[in-house]
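Asks: Contents of my_file-v3.txt (compact mmCIF, C-alpha atoms):
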```
# COMPACT_ATOMS: atom_id res chain seq x y z
CA MET A 162 6.30 -38.78 -63.72
CA LEU A 163 3.24 -37.21 -65.38
CA PRO A 164 3.20 -33.42 -65.81
CA VAL A 165 1.11 -31.56 -63.22
CA LEU A 166 -1.17 -28.83 -64.53
CA SER A 167 -1.36 -27.09 -61.19
CA ASP A 168 2.43 -26.60 -61.27
CA PHE A 169 1.87 -24.06 -64.06
CA ILE A 170 1.48 -20.65 -62.39
CA ARG A 171 0.58 -17.70 -64.66
CA SER A 172 2.51 -19.56 -67.34
CA THR A 173 2.72 -18.81 -71.05
CA ASN A 174 4.27 -22.19 -71.82
CA HIS A 175 1.35 -23.16 -74.04
CA GLN A 176 3.07 -26.13 -75.68
CA GLY A 177 4.13 -27.55 -72.32
CA PHE A 178 0.59 -27.19 -71.02
CA LEU A 179 -0.78 -28.80 -74.17
CA SER A 180 1.55 -31.77 -73.71
CA ALA A 181 0.39 -32.14 -70.12
CA LEU A 182 -3.25 -32.12 -71.18
CA GLN A 183 -2.55 -34.82 -73.74
CA LYS A 184 -1.49 -37.15 -70.93
CA LYS A 185 -4.82 -36.86 -69.11
CA THR A 186 -7.07 -39.90 -69.43
CA ALA A 187 -10.29 -38.00 -68.59
CA LEU A 188 -10.68 -34.33 -69.47
CA LEU A 189 -13.58 -31.86 -69.30
CA ILE A 190 -13.26 -28.32 -70.71
CA ILE A 191 -15.61 -25.55 -69.53
CA GLN A 192 -15.15 -22.27 -71.39
CA ASP A 193 -16.53 -18.74 -71.36
CA LEU A 194 -17.21 -17.05 -74.73
CA ASP A 195 -17.00 -13.24 -74.96
CA GLY A 196 -13.38 -12.14 -74.79
CA VAL A 197 -12.17 -15.76 -74.89
CA CYS A 198 -12.97 -17.04 -78.40
CA MET A 199 -14.16 -13.72 -79.85
CA GLU A 200 -13.25 -10.08 -79.37
CA LEU A 201 -15.15 -7.93 -76.91
CA LYS A 202 -17.26 -5.33 -78.74
CA ARG A 203 -19.00 -2.17 -77.58
CA ASP A 204 -21.94 -3.18 -79.76
CA PRO A 205 -22.65 -6.91 -79.22
CA LEU A 206 -24.34 -7.05 -82.63
CA THR A 207 -20.94 -6.61 -84.31
CA ARG A 208 -19.30 -9.66 -82.68
CA THR A 209 -17.78 -12.26 -84.97
CA MET A 210 -16.44 -15.78 -84.47
CA SER A 211 -13.90 -17.60 -86.59
CA LYS A 212 -14.91 -20.70 -88.52
CA GLN A 213 -11.59 -22.18 -87.40
CA TYR A 214 -12.74 -22.10 -83.78
CA ILE A 215 -16.21 -23.50 -84.54
CA SER A 216 -14.67 -26.39 -86.48
CA ALA A 217 -12.24 -27.09 -83.64
CA VAL A 218 -15.14 -27.36 -81.17
CA LYS A 219 -16.74 -29.98 -83.42
CA ARG A 220 -13.47 -31.93 -83.69
CA MET A 221 -12.89 -31.89 -79.92
CA GLU A 222 -13.22 -35.45 -78.71
CA ALA A 223 -12.92 -34.61 -75.04
CA PRO A 224 -16.15 -33.32 -73.45
CA PHE A 225 -16.46 -29.57 -74.04
CA TYR A 226 -19.10 -27.13 -72.80
CA VAL A 227 -19.50 -23.38 -72.94
CA LEU A 228 -20.58 -21.51 -69.82
CA THR A 229 -21.56 -17.92 -70.51
CA ASN A 230 -23.68 -15.09 -69.15
CA GLY A 231 -24.71 -14.32 -72.72
CA GLU A 232 -27.38 -16.34 -74.49
CA HIS A 233 -27.50 -18.92 -77.24
CA ILE A 234 -30.62 -17.57 -78.94
CA GLY A 235 -32.16 -14.24 -79.94
CA SER A 236 -30.94 -11.27 -81.95
CA ARG A 237 -27.82 -10.98 -79.78
CA GLY A 238 -27.32 -14.68 -79.16
CA VAL A 239 -24.20 -16.63 -80.03
CA ASN A 240 -26.09 -18.90 -82.45
CA ARG A 241 -26.60 -15.91 -84.76
CA ILE A 242 -22.82 -15.35 -84.71
CA VAL A 243 -22.20 -19.01 -85.56
CA ASP A 244 -24.71 -18.78 -88.41
CA ALA A 245 -22.89 -15.74 -89.83
CA ALA A 246 -19.53 -17.52 -89.67
CA LEU A 247 -20.96 -20.48 -91.61
CA ALA A 248 -23.00 -18.45 -94.09
CA ASP A 249 -21.09 -19.87 -97.09
CA ASP A 250 -21.55 -23.50 -96.06
CA ALA A 251 -23.92 -25.66 -98.06
CA GLN A 252 -25.45 -26.98 -94.83
CA SER A 253 -26.64 -24.98 -91.83
CA ALA A 254 -25.06 -25.06 -88.37
CA GLU A 255 -28.11 -26.99 -87.15
CA ASP A 256 -27.74 -29.66 -89.83
CA GLN A 257 -24.01 -30.02 -89.14
CA GLY A 258 -24.33 -29.91 -85.35
CA LEU A 259 -21.99 -26.92 -85.13
CA TYR A 260 -23.68 -24.85 -82.45
CA LEU A 261 -21.72 -24.48 -79.20
CA PRO A 262 -23.02 -26.92 -76.59
CA GLY A 263 -23.42 -25.89 -72.99
CA LEU A 264 -25.02 -23.38 -70.67
CA ALA A 265 -25.91 -19.74 -71.31
CA ALA A 266 -27.71 -17.00 -69.34
CA GLY A 267 -25.43 -17.82 -66.40
CA GLY A 268 -26.46 -21.47 -66.34
CA VAL A 269 -30.23 -21.60 -66.96
CA GLN A 270 -30.26 -21.95 -70.77
CA TRP A 271 -29.10 -25.34 -72.03
CA GLN A 272 -28.27 -26.10 -75.66
CA ASP A 273 -26.91 -29.10 -77.53
CA CYS A 274 -24.77 -28.86 -80.67
CA PHE A 275 -27.88 -28.98 -82.90
CA GLY A 276 -29.36 -25.87 -81.30
CA LYS A 277 -32.01 -27.58 -79.19
CA VAL A 278 -32.60 -25.15 -76.30
CA SER A 279 -34.33 -25.57 -72.93
CA HIS A 280 -34.55 -23.61 -69.67
CA PRO A 281 -34.42 -26.16 -66.82
CA GLY A 282 -36.09 -24.99 -63.62
CA VAL A 283 -37.55 -21.79 -65.12
CA SER A 284 -41.31 -21.10 -64.88
CA GLN A 285 -43.45 -19.57 -67.61
CA THR A 286 -44.39 -16.75 -65.22
CA GLU A 287 -40.72 -15.84 -64.88
CA ILE A 288 -40.20 -16.00 -68.66
CA ASP A 289 -43.24 -13.71 -69.17
CA PHE A 290 -41.87 -11.13 -66.72
CA LEU A 291 -38.45 -11.16 -68.41
CA ALA A 292 -40.07 -10.76 -71.84
CA ALA A 293 -41.54 -7.40 -70.78
CA VAL A 294 -38.25 -6.00 -69.43
CA PRO A 295 -36.69 -4.67 -72.70
CA LYS A 296 -39.75 -2.55 -73.54
CA TRP A 297 -39.84 -1.21 -69.97
CA LEU A 298 -36.13 -0.34 -70.10
CA HIS A 299 -36.67 1.44 -73.42
CA GLY A 300 -39.35 3.67 -71.94
CA ARG A 301 -37.44 4.50 -68.76
CA LEU A 302 -34.18 5.21 -70.61
CA GLN A 303 -35.91 7.26 -73.29
CA ALA A 304 -37.20 9.59 -70.59
CA ALA A 305 -34.03 9.66 -68.49
CA LEU A 306 -31.50 10.16 -71.30
CA SER A 307 -33.45 13.00 -72.91
CA ALA A 308 -33.39 14.90 -69.60
CA PRO A 309 -30.43 16.49 -67.72
CA PRO A 310 -27.60 15.70 -67.37
CA PHE A 311 -27.67 13.64 -70.60
CA LEU A 312 -29.89 15.76 -72.91
CA LEU A 313 -29.63 13.43 -75.90
CA GLU A 314 -31.44 14.35 -79.11
CA PRO A 315 -34.33 12.04 -80.15
CA ALA A 316 -32.66 10.59 -83.26
CA GLN A 317 -29.35 9.99 -81.46
CA LEU A 318 -31.16 8.56 -78.45
CA GLU A 319 -33.13 6.00 -80.45
CA GLN A 320 -29.99 4.69 -82.11
CA ILE A 321 -28.26 4.39 -78.72
CA LEU A 322 -31.17 2.48 -77.21
CA LYS A 323 -31.03 -0.06 -80.04
CA VAL A 324 -27.43 -0.80 -79.07
CA ILE A 325 -27.47 -0.76 -75.27
CA ILE A 326 -30.74 -2.62 -74.56
CA LEU A 327 -30.18 -6.36 -75.00
CA ASP A 328 -33.48 -8.16 -75.54
CA ASN A 329 -32.23 -11.51 -74.28
CA LEU A 330 -34.93 -14.04 -73.44
CA ALA A 331 -33.57 -15.21 -70.07
CA SER A 332 -31.32 -12.28 -69.13
CA PRO A 333 -32.46 -8.89 -70.52
CA SER A 334 -29.57 -6.50 -70.06
CA LEU A 335 -28.07 -3.06 -70.48
CA ASN A 336 -24.63 -2.91 -72.10
CA ILE A 337 -23.45 0.70 -71.81
CA GLY A 338 -19.85 0.19 -72.93
CA SER A 339 -20.47 1.88 -76.29
CA LEU A 340 -21.15 5.16 -74.46
CA PHE A 341 -17.92 5.29 -72.48
CA HIS A 342 -15.90 7.32 -74.97
CA PRO A 343 -18.71 9.72 -76.03
CA PHE A 344 -19.69 10.35 -72.41
CA SER A 345 -16.20 10.39 -70.88
CA ASN A 346 -15.56 13.81 -72.43
CA GLN A 347 -17.98 15.26 -69.88
CA ALA A 348 -16.93 14.90 -66.26
CA GLY A 349 -19.00 12.38 -64.36
CA LEU A 350 -21.52 11.73 -67.16
CA TYR A 351 -20.60 8.08 -67.74
CA GLN A 352 -20.57 7.43 -63.99
CA SER A 353 -24.08 8.97 -63.88
CA LEU A 354 -25.12 6.49 -66.56
CA GLN A 355 -23.68 3.61 -64.52
CA ASN A 356 -25.71 4.74 -61.51
CA LEU A 357 -28.85 5.12 -63.64
CA ALA A 358 -28.46 1.59 -65.04
CA TYR A 359 -28.02 0.17 -61.54
CA GLN A 360 -31.06 2.10 -60.30
CA LEU A 361 -33.18 0.63 -63.09
CA MET A 362 -32.11 -2.88 -62.11
CA GLN A 363 -33.22 -2.15 -58.54
CA GLU A 364 -36.59 -0.90 -59.81
CA LEU A 365 -37.05 -4.13 -61.75
CA MET A 366 -36.37 -6.12 -58.60
CA GLN A 367 -39.07 -4.16 -56.78
CA MET A 368 -41.54 -4.71 -59.64
CA ALA A 369 -40.88 -8.45 -59.53
CA GLN A 370 -41.60 -8.52 -55.81
CA THR A 371 -44.94 -6.74 -56.26
CA GLN A 372 -45.90 -9.35 -58.89
CA GLY A 373 -45.23 -12.26 -56.58
CA LEU A 374 -41.79 -13.08 -57.97
CA GLU A 375 -39.72 -12.20 -54.92
CA GLY A 376 -36.53 -14.24 -54.97
CA SER A 377 -36.80 -15.07 -58.68
CA PHE A 378 -34.16 -12.65 -59.98
CA PHE A 379 -30.89 -10.89 -59.23
CA THR A 380 -28.68 -8.29 -60.92
CA HIS A 381 -25.35 -9.38 -62.35
CA LEU A 382 -22.76 -6.66 -62.89
CA ALA A 383 -19.83 -7.25 -65.25
CA PRO A 384 -17.14 -6.59 -64.38
CA ASN A 385 -17.74 -6.14 -60.67
CA LEU A 386 -15.82 -5.80 -57.41
CA GLY A 387 -17.11 -8.95 -55.78
CA THR A 388 -20.13 -9.08 -53.49
CA GLN A 389 -21.24 -7.35 -50.32
CA ASP A 390 -24.29 -8.43 -48.34
CA GLY A 391 -25.21 -10.77 -51.18
CA LEU A 392 -25.19 -8.05 -53.84
CA GLU A 393 -22.55 -7.56 -56.51
CA ARG A 394 -20.54 -4.36 -56.15
CA LEU A 395 -20.57 -1.89 -59.02
CA LYS A 396 -17.12 -1.08 -60.38
CA PRO A 397 -17.05 2.70 -61.04
CA ALA A 398 -15.34 3.92 -64.20
CA HIS A 399 -11.92 5.40 -63.53
CA ASN A 400 -9.69 7.08 -66.11
CA GLU A 401 -9.53 4.63 -69.07
CA ASP A 402 -11.09 1.74 -67.13
CA MET A 403 -14.76 1.51 -68.07
CA GLY A 404 -15.66 -0.30 -64.87
CA THR A 405 -19.05 -2.01 -64.94
CA THR A 406 -20.47 -2.01 -68.47
CA ASP A 407 -23.03 -4.85 -68.33
CA PHE A 408 -26.11 -4.77 -66.10
CA GLN A 409 -27.89 -8.12 -66.47
CA PHE A 410 -31.28 -8.89 -64.96
CA MET A 411 -30.94 -12.60 -64.38
CA LEU A 412 -32.79 -15.54 -62.91
CA ARG A 413 -31.86 -16.40 -59.34
CA GLY A 414 -29.36 -19.26 -59.32
CA ALA A 415 -27.96 -18.30 -62.72
CA VAL A 416 -24.35 -18.09 -61.58
CA LYS A 417 -21.59 -19.84 -63.41
CA GLU A 418 -20.34 -21.86 -60.46
CA ALA A 419 -23.79 -23.51 -60.23
CA GLY A 420 -23.45 -24.18 -63.94
CA VAL A 421 -20.29 -26.20 -63.25
CA LEU A 422 -22.33 -28.63 -61.13
CA VAL A 423 -25.03 -28.85 -63.82
CA LEU A 424 -22.42 -29.69 -66.45
CA LEU A 425 -20.73 -32.25 -64.21
CA ASN A 426 -24.11 -33.88 -63.62
CA ARG A 427 -24.48 -34.22 -67.40
CA TYR A 428 -20.89 -35.47 -67.74
CA TYR A 429 -21.54 -38.28 -65.23
CA PHE A 430 -24.74 -39.22 -67.05
CA GLN A 431 -22.78 -39.56 -70.29
CA GLN A 432 -20.24 -41.78 -68.54
CA THR A 433 -22.59 -43.91 -66.42
CA GLY A 434 -26.17 -43.49 -67.64
CA ALA A 435 -27.24 -41.99 -64.29
CA TYR A 436 -27.46 -38.43 -62.95
CA PRO A 437 -25.73 -38.27 -59.52
CA LEU A 438 -27.65 -35.08 -58.62
CA GLY A 439 -30.90 -36.21 -60.21
CA GLU A 440 -32.24 -35.70 -63.73
CA ASP A 441 -34.06 -32.48 -62.74
CA PHE A 442 -31.07 -30.82 -61.04
CA SER A 443 -30.53 -27.31 -62.39
CA ALA A 444 -28.84 -24.03 -61.52
CA ARG A 445 -32.15 -23.00 -59.95
CA THR A 446 -31.95 -25.83 -57.40
CA ALA A 447 -28.19 -25.66 -56.73
CA PRO A 448 -26.89 -24.43 -53.36
CA SER A 449 -26.16 -20.72 -53.15
CA SER A 450 -22.68 -20.80 -51.63
CA GLN A 451 -19.50 -22.27 -53.09
CA ALA A 452 -18.84 -24.18 -49.87
CA GLU A 453 -22.23 -25.90 -50.18
CA MET A 454 -21.64 -26.58 -53.88
CA LEU A 455 -18.31 -28.23 -53.12
CA ALA A 456 -19.88 -30.30 -50.34
CA LEU A 457 -22.68 -31.41 -52.68
CA ALA A 458 -20.14 -32.51 -55.27
CA GLN A 459 -18.13 -34.47 -52.70
CA ALA A 460 -21.26 -36.18 -51.43
CA HIS A 461 -22.60 -37.30 -54.84
CA PHE A 462 -19.86 -37.51 -57.49
CA ASP A 463 -17.86 -40.74 -57.69
CA PRO A 464 -14.16 -39.76 -57.34
CA THR A 465 -13.09 -42.55 -59.69
CA ILE A 466 -15.06 -40.94 -62.54
CA MET A 467 -14.29 -37.29 -61.84
CA PRO A 468 -12.36 -35.82 -64.81
CA CYS A 469 -9.57 -33.30 -64.89
CA ILE A 470 -11.47 -30.01 -65.45
CA VAL A 471 -9.99 -27.04 -67.29
CA GLY A 472 -11.84 -23.74 -66.91
CA VAL A 473 -11.29 -20.86 -69.34
CA GLY A 474 -12.32 -17.25 -68.73
CA ASP A 475 -11.34 -13.61 -69.18
CA THR A 476 -13.31 -11.60 -66.60
CA VAL A 477 -11.43 -11.65 -63.31
CA THR A 478 -10.90 -8.51 -61.21
CA SER A 479 -8.86 -7.51 -58.18
CA ALA A 480 -8.82 -3.92 -56.92
CA LYS A 481 -7.39 -2.38 -53.79
CA ALA A 482 -10.14 -1.69 -51.29
CA GLU A 483 -10.93 1.98 -50.71
CA ASP A 484 -9.48 1.75 -47.21
CA SER A 485 -6.37 0.07 -48.72
CA GLN A 486 -6.96 -2.90 -46.44
CA GLY A 487 -6.96 -5.92 -48.72
CA TYR A 488 -8.60 -6.33 -52.12
CA GLN A 489 -12.06 -6.38 -53.63
CA ARG A 490 -12.06 -9.37 -55.97
CA GLY A 491 -14.75 -10.20 -58.47
CA GLY A 492 -15.42 -10.73 -62.16
CA SER A 493 -18.06 -12.98 -63.72
CA ASP A 494 -15.53 -15.78 -64.32
CA ARG A 495 -13.90 -15.76 -60.89
CA GLY A 496 -16.58 -17.88 -59.21
CA PHE A 497 -16.61 -20.78 -61.65
CA LEU A 498 -12.82 -20.81 -62.02
CA THR A 499 -12.47 -20.89 -58.24
CA LEU A 500 -14.91 -23.78 -57.87
CA ILE A 501 -13.04 -25.73 -60.56
CA GLN A 502 -9.82 -25.14 -58.63
CA GLN A 503 -11.49 -26.30 -55.39
CA LEU A 504 -12.90 -29.42 -57.07
CA GLY A 505 -9.42 -30.28 -58.31
CA ALA A 506 -8.05 -30.14 -54.77
CA ALA A 507 -10.98 -32.06 -53.26
CA PHE A 508 -10.95 -34.87 -55.86
CA ASN A 509 -7.20 -34.84 -56.56
CA THR A 510 -7.85 -34.38 -60.29
CA ASP A 511 -5.25 -31.70 -61.04
CA ASN A 512 -7.73 -29.15 -62.41
CA ALA A 513 -6.48 -25.99 -64.09
CA THR A 514 -7.62 -22.46 -64.92
CA ILE A 515 -6.85 -20.50 -68.08
CA PHE A 516 -7.00 -16.70 -68.36
CA VAL A 517 -7.35 -14.91 -71.69
CA ASP A 518 -6.42 -11.21 -71.70
CA SER A 519 -9.38 -9.56 -73.45
CA SER A 520 -8.20 -5.98 -72.91
CA GLN A 521 -7.30 -5.72 -76.62
CA GLY A 522 -11.01 -5.55 -77.41
CA GLU A 523 -13.18 -2.45 -77.68
CA LEU A 524 -14.09 -2.49 -73.98
CA ASN A 525 -11.45 -0.83 -71.83
CA ARG A 526 -10.55 -3.10 -68.93
CA PRO A 527 -7.41 -3.99 -67.00
CA GLY A 528 -4.94 -6.05 -69.02
CA ILE A 529 -1.42 -7.39 -68.73
CA SER A 530 0.64 -4.21 -68.73
CA GLN A 531 3.91 -5.84 -69.81
CA LYS A 532 3.77 -8.79 -72.16
CA PRO A 533 6.20 -11.60 -71.25
CA SER A 534 8.48 -13.42 -73.66
CA PRO A 535 6.91 -16.66 -74.97
CA GLY A 536 7.10 -19.39 -72.36
CA GLU A 537 7.79 -17.02 -69.45
CA ALA A 538 5.55 -16.72 -66.41
CA VAL A 539 3.54 -13.52 -66.06
CA ASP A 540 4.38 -11.57 -62.91
CA HIS A 541 1.28 -10.76 -60.86
CA GLN A 542 2.51 -7.15 -60.64
CA VAL A 543 1.79 -6.61 -64.35
CA MET A 544 -1.70 -8.07 -63.85
CA ALA A 545 -2.86 -5.27 -61.56
CA GLY A 546 -6.63 -5.02 -61.64
CA ILE A 547 -6.89 -8.74 -62.49
CA THR A 548 -5.10 -10.60 -59.70
CA ASP A 549 -2.69 -9.94 -56.83
CA ALA A 550 -0.06 -11.68 -54.75
CA GLU A 551 -2.60 -12.70 -52.07
CA ASP A 552 -5.24 -13.98 -54.51
CA THR A 553 -6.32 -17.54 -53.73
CA LEU A 554 -7.39 -18.07 -57.35
CA ARG A 555 -4.33 -19.43 -59.14
CA LEU A 556 -4.39 -18.71 -62.85
CA ASN A 557 -2.37 -21.55 -64.39
CA LEU A 558 -2.09 -20.61 -68.06
CA ILE A 559 -2.18 -17.09 -69.53
CA PHE A 560 -2.87 -15.86 -73.05
CA PRO A 561 -1.44 -12.32 -73.03
CA GLU A 562 -2.27 -11.71 -76.72
CA GLY A 563 -5.97 -12.40 -76.34
CA HIS A 564 -8.58 -14.50 -78.12
CA ASN A 565 -6.69 -15.14 -81.36
CA GLN A 566 -3.77 -16.62 -79.42
CA TYR A 567 -6.20 -18.80 -77.45
CA ILE A 568 -7.95 -20.00 -80.62
CA GLU A 569 -4.61 -21.21 -82.04
CA PHE A 570 -4.03 -23.15 -78.82
CA PHE A 571 -7.59 -24.52 -78.80
CA THR A 572 -7.26 -25.67 -82.40
CA GLN A 573 -4.19 -27.69 -81.45
CA LEU A 574 -5.92 -29.04 -78.35
CA ALA A 575 -8.82 -30.32 -80.47
CA THR A 576 -6.39 -32.67 -82.23
CA VAL A 577 -4.64 -34.02 -79.12
CA ALA A 578 -7.25 -33.99 -76.33
CA PRO A 579 -7.95 -37.49 -75.00
CA ALA A 580 -11.08 -39.10 -76.39
CA GLN A 581 -13.73 -40.08 -73.83
```
Please express what this file holds, its structure, as structure tokens.

Replies:
Amino acid sequence: MLPVLSDFIRSTNHQGFLSALQKKTALLIIQDLDGVCMELKRDPLTRTMSKQYISAVKRMEAPFYVLTNGEHIGSRGVNRIVDAALADDAQSAEDQGLYLPGLAAGGVQWQDCFGKVSHPGVSQTEIDFLAAVPKWLHGRLQAALSAPPFLLEPAQLEQILKVIILDNLASPSLNIGSLFHPFSNQAGLYQSLQNLAYQLMQELMQMAQTQGLEGSFFTHLAPNLGTQDGLERLKPAHNEDMGTTDFQFMLRGAVKEAGVLVLLNRYYFQQTGAYPLGEDFSARTAPSSQAEMLALAQAHFDPTIMPCIVGVGDTVTSAKAEDSQGYQRGGSDRGFLTLIQQLGAAFNTDNATIFVDSSQGELNRPGISQKPSPGEAVDHQVMAGITDAEDTLRLNLIFPEGHNQYIEFFTQLATVAPAQ
């Protein structure tokens, strides 16, 4: 009897899971980046990626795609990190085809392994609006952070703005994590910064509406406490938990679960020469609810071709509701991992989810409070803030030691994954 991936529940039996994957005849891996294959950093410009991981991606014979809310290109893009890792190579990453293929900016920025980038479904008017956002944020923050309660000095302020304003092409953002420790010494100051960042995102939404771009954008908060009335809930900082650190102004439809359908559409084209959802299908045209996404997949994807999908992420949250009735569950990876789990049940493909504990990085976030012995299952009680006993998202494989432990596993997987 073949091993069943879904029988692994919060397992750390990495070798057993690897053996089970090796038995699969059709496999598709969809993986997040920050916190998964590289350490989380307060300053995104200081991120690094191991050459070992990049080489393993190239050796992977099974279809592999990244799915990230970051971007491939730009000063803070992942391609720059890949270039730095390969700086001593005689040939560039482009010449060797060593860039990470897949979707960025939540699903609206496509790239192949040679660094060819496109933005399916995105208009030039939307790109022009996004291009003006970083300069606008700089001006608004320069005024706000020099005034009470922040009162930052001009030289200090300018250095801070260089770090926290992310001039991404398709998802200009604020990453305020670097200010948690400096601001946490003053009661309520970091929470005031969280509220200011959220307010600026709301102002941008109003500006877009006045320029005829109503419905073009949304604000993604990472990590978050799920959604309410269609908006993501801000996670307030509490004690050593930074709460929401990333405020991303993103294109409507740029959610990772929509990206799963886009990647599956490409997978089917590679297998059959035809796009089941149409050649022009993109995250911008995908349904908005997971139920509709699942129904679309069932209506158009041939079950005999559907692969076993393994989703890998690190940003999953679960917090007791303020009224103590139930939980507020969110995290930027929860949606796409949940859809992968649902697709596995609907198509009987034994899909699996992998969680990498990224709490060892520079961004304070809930982690596994008690590390298990190798091979043991992780009790949900030591994953408080991540998951809970009533959580419908089943995390199958856990990497309690973080991204380095996952990279070792991934390197082995690249040698045994079934070729397609």

Asks: For Pro343 of chain A, which of A:Arg203, A:Asp273, A:Ser534, A:Thr380 is the closest residue, counting all atoms listed in the file?

Replies: A:Arg203

Asks: Using only C-alpha atoms, which residues of segment 316-415 of chain A come within 12 Å of segment 493-513 of chain A, and what is the closest atom pair for each, with the distance in Å to one decimal? Give it as CSV, sorted by chain and residue number.

Replies:
```
residue,atom,partner,partner_atom,distance
A:Thr380,CA,A:Ser493,CA,11.9
A:His381,CA,A:Ser493,CA,8.2
A:Leu382,CA,A:Ser493,CA,7.9
A:Ala383,CA,A:Ser493,CA,6.2
A:Pro384,CA,A:Ser493,CA,6.5
A:Asn385,CA,A:Ser493,CA,7.5
A:Leu386,CA,A:Ser493,CA,9.8
A:Gly387,CA,A:Ser493,CA,9.0
A:Thr388,CA,A:Gly496,CA,11.1
A:Glu393,CA,A:Ser493,CA,10.1
A:Arg394,CA,A:Ser493,CA,11.7
A:Thr405,CA,A:Ser493,CA,11.1
A:Asp407,CA,A:Ser493,CA,10.6
A:Phe408,CA,A:Ser493,CA,11.7
A:Gln409,CA,A:Ser493,CA,11.3
A:Ala415,CA,A:Ser493,CA,11.3
```

Asks: Kindly indicate which residue among A:Gly373, A:Gly491, A:Gly472, A:Gly267 lies nearest to Gly414 of chain A, using only C-alpha atoms for the distances.

Replies: A:Gly267

Asks: Out of A:Pro164, A:Pro437, A:Pro533, A:Gly196, which residue has the shortest atom-to-atom distance to Gln183 of chain A when counting all atoms listed in the file?

Replies: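 For Gln183 of chain A, the nearest of the given residues is A:Pro164.
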
Asks: I'd like the contact shell of Phe379 of chain A - 7 Å cut-off, only C-alpha atoms, skipping same-chain residues fewer than 6 positions apart - returned as a list in words.

Replies: Phe410, Met411, Leu412 and Arg413 of chain A

Asks: Any idea what's packed within 9 Å of Gln451 of chain A, counting only C-alpha atoms, ignoring anything in its chain fewer than 2 positions away? Could you give it as a list in words?

Replies: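 Listing them by chain and then by number gives Glu418, Ala419, Pro448, Ser449, Glu453, Met454, Leu455, Ala456, Gly496, Thr499 and Leu500 of chain A.
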
Asks: By how many Å are atom CA of Met467 of chain A and atom CA of Gln432 of chain A apart?

Replies: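 Calculated distance between atom CA of Met467 of chain A and atom CA of Gln432 of chain A is 10.0 Å.
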
Asks: I'd like to know which of A:Arg490, A:His299, A:Lys277, A:Arg241 is closest to Asp256 of chain A, using all atoms listed in the file.

Replies: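 Among A:Arg490, A:His299, A:Lys277, A:Arg241, it is A:Lys277 that comes nearest to Asp256 of chain A.
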
Asks: Quick one, how far is atom CA of Gln176 of chain A from atom CA of Gln573 of chain A?

Replies: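 Separation between atom CA of Gln176 of chain A and atom CA of Gln573 of chain A: 9.4 Å.
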
Asks: Taking the point (-26.5, -17.5, -74.5) as given in the file, collect each protein or nucleic acid residue that comes within 10 Å of it, counting only C-alpha atoms, and present the set as a PyMOL selection string.

Replies: chain A and resi 194+227-235+237-240+261+263-272+278+329-332

Asks: Put segment 554-565 of chain A into a file with N, CA and C atoms, as a compact mmCIF listing (two decimals), in the first residue's frame.

Replies:
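What follows is the written file decode-v8.txt:
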```txt
# COMPACT_ATOMS: atom_id res chain seq x y z
N LEU A 554 -7.37 23.77 8.64
CA LEU A 554 -6.14 23.62 7.85
C LEU A 554 -5.22 22.64 8.57
N ARG A 555 -4.99 21.50 7.93
CA ARG A 555 -4.12 20.48 8.51
C ARG A 555 -2.71 20.66 7.96
N LEU A 556 -1.79 20.99 8.85
CA LEU A 556 -0.39 21.12 8.46
C LEU A 556 0.24 19.73 8.55
N ASN A 557 0.67 19.20 7.42
CA ASN A 557 1.13 17.81 7.38
C ASN A 557 2.56 17.62 7.84
N LEU A 558 3.46 18.48 7.37
CA LEU A 558 4.87 18.34 7.72
C LEU A 558 5.37 19.65 8.30
N ILE A 559 6.16 19.56 9.38
CA ILE A 559 6.63 20.75 10.10
C ILE A 559 8.15 20.78 10.10
N PHE A 560 8.70 21.98 9.93
CA PHE A 560 10.14 22.20 10.06
C PHE A 560 10.37 23.15 11.23
N PRO A 561 10.51 22.59 12.45
CA PRO A 561 10.61 23.41 13.65
C PRO A 561 11.87 24.27 13.69
N GLU A 562 12.92 23.85 12.97
CA GLU A 562 14.20 24.57 13.02
C GLU A 562 14.33 25.62 11.92
N GLY A 563 13.30 25.82 11.14
CA GLY A 563 13.31 26.91 10.20
C GLY A 563 13.85 26.62 8.82
N HIS A 564 14.26 27.69 8.12
CA HIS A 564 14.55 27.60 6.69
C HIS A 564 15.76 26.73 6.37
N ASN A 565 16.76 26.71 7.22
CA ASN A 565 17.93 25.87 6.92
C ASN A 565 17.56 24.38 6.94
```
